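Q: Take this structure, written in structure tokens, and hold onto it; I'll ask about it next.
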Amino acid sequence: MATKITMPRLSDTMTEGTVATWLKKVGDTIKEGDILAEIETDKATMEFESFNEGTLLYIGIKEGETASVDSLLAIIGKEGEDISGIISGGDGPVAAETKPEAVTPSAPEASAEVPQSTTDNSQPTTASLPKGVIVVTMPRLSDTMTEGTVATWLKKVGDEVKEGDILAEIETDKATMEFESFNAGTLLFIGITEGQSAPVDSVLAIIGPAGTDITGIAENYKNGGAAPAAAPATTEQSATAAPTTEATQTTTDGERIFASPLAKQIAKDKGINLSQIKGSGENGRITKSDVENFTPSSVTPSAPEASGEVQQPTTDNAQPAAATPKSYIPAGQVATEEIKNSQMRKIIAKRLAESLFTAPHYNLVIEVTMDEAMKSRAVINSVPDTKVSFNDMVIKASAMALKKHPKINSQWSADAITINYHVSIGVAVAVEDGLVVPVLPFTDGMSLSQIGASVRDLAGRAKSKKLLPSEMEGSTFTISNLGMFGITEFNSIINQPNSAILSVGAIVEKPVVKDGQIVVGNTMMLSLACDHRTIDGATGAQFLQTLKQYIENPVTMLA
């Protein structure tokens with residue numbers, strides 16, 4: 001049976017796409033995983049992978065043509081199959097797969113309005129869905145995301161949902177992101193409860209007209225452990241209060257407190273009861289700044305009793321019971337704590353292990369004199385409204401050195417080595433849950449002040465979990481700097497598919513030999529980790545020599 005493939009939504013802002021190149025032609029045999037075409041979105045040109053097998057029977061959008069999302073892109077089926085009814089717009093017996101036809105980020109919500117027909121008849125077709133009912137699935141919010149965790153539901157079953165409302169916060173391998181609804185109606189069913197993880201395309205929720213019977217749909221789409229919509233869900237869900245403009249600070253009536261995941265974690269670490277904090281966010285939601293700015297002195301003495309908890313004996317001021325966790329561990333007592341691995345931590349473990357055990361790493365180390373760089377930075381920063389760090393200077397020097405040594409700016413694949421002649425440097429940023437690598441596109445074309453402003457912006461939004469997935473994609477080289485922590489030298493694991501990563505240490509004041517005399521100087525250690533499959537030792541050494549020249553004599557970067 002033929003499968004209709006439509007133009008996918010490959011980014012959250014994409015409304016139309018352009019077929020840059022077709023890699024298959026009508027009549028070709030298609031296997032699952034084959035790249036059908038390259039599609040140009042509003043953010044990048046991305047490979048479009050097939051999840052179907054068969055013969056490519058029809059191409060609906062030719063190379064260079066632009067079409068809106070969900071337009072007929074292609075038809076795959078059995079050789080010789082009659083598809084005239086599909087091409088002319090008729091439905092016939094043919095249905096399209098609900099599974100997105102790409103490994104790149106899917107639409108924020110997948111709709112069951114897209115028909116489904118596979119050899120497995122467990123999925124309902126559009127004919128079996130009541131009018132106006134939409135099945136929302138776990139979206140692919142980054143190119144490496146395979147599963148997501150629902151951190152917080154901001155709506156409960158029975159709530160009215162408007163287009164643009166935030167349904168939930170979803171934790172991916174890279175960040176916790178707000179999940180926006182593209183549909184309007186009533187939230188009829190929640191398929192993944194708070195704290196649960198599920199693969200991409202699992203049923204997240206069902207939205208439709210109030211009172212619609214979705215029992216059969218829920219059963220067919222049901223994920224392991226998810227409750228049907230008609231059931232009272234979990235205690236946490238049934239206790240969820242509809243958002244109001246007042247702070248939702250309740251503890252006695254069982255209603256949930258609306259707070260961001262980061263705010264919850266900070267409050268837990270500080271032993272603060274969230275019910276004592278008035279939220280400043282949307283609908284009274286408690287944010288990170290609310291918790292950080294909260295002082296216990298603002299709490300009335302009766303606050304601990306209001307929670308119904310047993311008062312802990314103290315010498316002076318009454319403190320909440322949660323304020324004294326693990327204050328003292330007697331000698332000889334074993335104390336452990338299990339912390340559930342976040343999606344980000346799981347992906348960090350997986351990808352770095354893959355990199356270390358598949359790419360033969362070796363490290364090259366060089367010492368750089370920083371005296372001239374320090375003088376140049378002082379002059380640059382004397383210009384009003386200009387602030388450049390040593391890390392910004394290393395990024396600029398690296399971008400220029402990569403243009404002279406493009407083999408460092410390469411990627412390995414089984415069939416060929418790809419040399420990138422554009423330079424997009426990823427900058428490792430430590431965040432609460434792990435590590436993210438925002439990317440500076442076309443770094444070689446940026447000035448020092450532009451690099452400085454961009455790095456500050458990206459790093460700030462990375463730490464507040466506001467980075468877009470597209471801002472963490474496309475790096476050709478990575479830089480990691482631990483110098484601000486006093487680390488003088490270290491080796492990093494390559495951020496694949498890059499072939500190299502530069503580790504930057506602290507600037508150290510020490511005796512050095514200059515013109516035959518021992519004088520006080522400032523030096524910095526650089527360590528380059530290389531993939532030996534793509535970069536030979538001499539190539540890496542030549543790159544470091546060029547990089548050293550640029551950093552030690554910053555004026556040469558103007559040549």
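Quick note on naming: the chains in the structure tokens go A, B, ... in the order shown, residues restart at 1 in each chain, and ligands are numbered from 1 in order of appearance.
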I'd like the contact shell of Asp159 (chain A) - 9 Å cut-off, only C-alpha atoms, skipping same-chain residues fewer than 2 positions apart - returned as an NGL selection string.
A: :A and (155-157 or 161 or 185-188 or 242)
Q: Can you pull out the residues contacting Val504 (chain A)? Cut-off 9 Å, using only C-alpha atoms, and skip same-chain residues under 6 positions away; I want them as a VMD selection string.
A: chain A and resid 391 394 479 to 483 487 to 490 524 to 528
Q: May I have the residues from that selection written out with C-alpha atoms, as a compact mmCIF listing (two decimals), in the first residue's frame?
A:
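What landed in selection_36.txt:
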# COMPACT_ATOMS: atom_id res chain seq x y z
CA ASN A 391 38.77 33.38 25.56
CA VAL A 394 41.57 32.44 21.53
CA ILE A 479 36.91 25.10 22.38
CA SER A 480 36.74 24.28 26.10
CA ASN A 481 38.21 26.72 28.64
CA LEU A 482 38.72 25.88 32.34
CA GLY A 483 41.26 28.63 32.95
CA ILE A 487 43.13 24.71 35.79
CA THR A 488 46.48 25.14 34.04
CA GLU A 489 46.30 22.17 31.67
CA PHE A 490 43.76 19.47 30.74
CA MET A 524 49.10 29.74 29.00
CA MET A 525 48.89 26.03 28.09
CA LEU A 526 46.87 24.87 25.08
CA SER A 527 46.06 21.19 24.48
CA LEU A 528 44.67 20.00 21.15
Q: If we count only C-alpha atoms, what is near Met145 (chain A) at a cut-off of 7 Å, once residues fewer than 3 positions away on the same chain are taken out, given as a short mmCIF file (atom, residue, chain, number, x, y, z; two decimals) with N, CA and C atoms, in the first residue's frame?
A:
data_model
loop_
_atom_site.label_atom_id
_atom_site.label_comp_id
_atom_site.auth_asym_id
_atom_site.auth_seq_id
_atom_site.Cartn_x
_atom_site.Cartn_y
_atom_site.Cartn_z
N ARG A 140 10.56 15.83 18.55
CA ARG A 140 12.01 15.76 18.50
C ARG A 140 12.52 17.20 18.53
N LEU A 141 13.02 17.64 19.69
CA LEU A 141 13.37 19.04 19.89
C LEU A 141 14.85 19.33 19.63
N SER A 142 15.63 18.29 19.31
CA SER A 142 17.02 18.50 18.91
C SER A 142 17.42 17.37 17.99
N THR A 172 15.02 17.68 27.36
CA THR A 172 15.67 16.95 26.27
C THR A 172 17.10 16.62 26.67
N ASP A 173 17.87 16.14 25.72
CA ASP A 173 19.28 15.84 25.99
C ASP A 173 20.11 17.11 26.11
#
Q: Out of region 325-373 of chain A, which residues get alpha helix (DSSP H) from DSSP, as a PyMOL selection string?
A: chain A and resi 343-358+371-373
Q: Using only C-alpha atoms, which residue out of A:Ile366, A:Ile207, A:Ile266, A:Ile380 lies closest to Leu129 (chain A)?
A: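 Under the stated criterion, the closest residue is A:Ile207.
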Q: Neighbouring residues of Pro406 (chain A) were defined as those with any atom within 8 Å, considering only C-alpha atoms; residues of the same chain fewer than 5 positions away were excluded. Please report them as a list in words.
A: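 Selected residues are Ile419, Asn420 and Tyr421 of chain A.
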Q: Name the residues in contact with Leu57 (chain A) at a cut-off of 6 Å, using only C-alpha atoms, excluding same-chain residues fewer than 3 positions from it; report them as number ranges by chain.
A: A: 26, 75-76
Q: Extract, using only C-alpha atoms, all DNA, RNA and protein residues at most 9 Å from Thr546 (chain A), discarding same-chain residues fewer than 6 positions from it, and format them as a list in words.
A: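 Once the adjacent positions are removed, what remains is Ala397, Ser398, Met400, Ala401, Lys404 and His405 of chain A.
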Q: Taking into account only C-alpha atoms, which residue in the set A:Val555, A:Ala459, A:Ile134, A:Ala198 is nearest to Ala373 (chain A)?
A: A:Val555
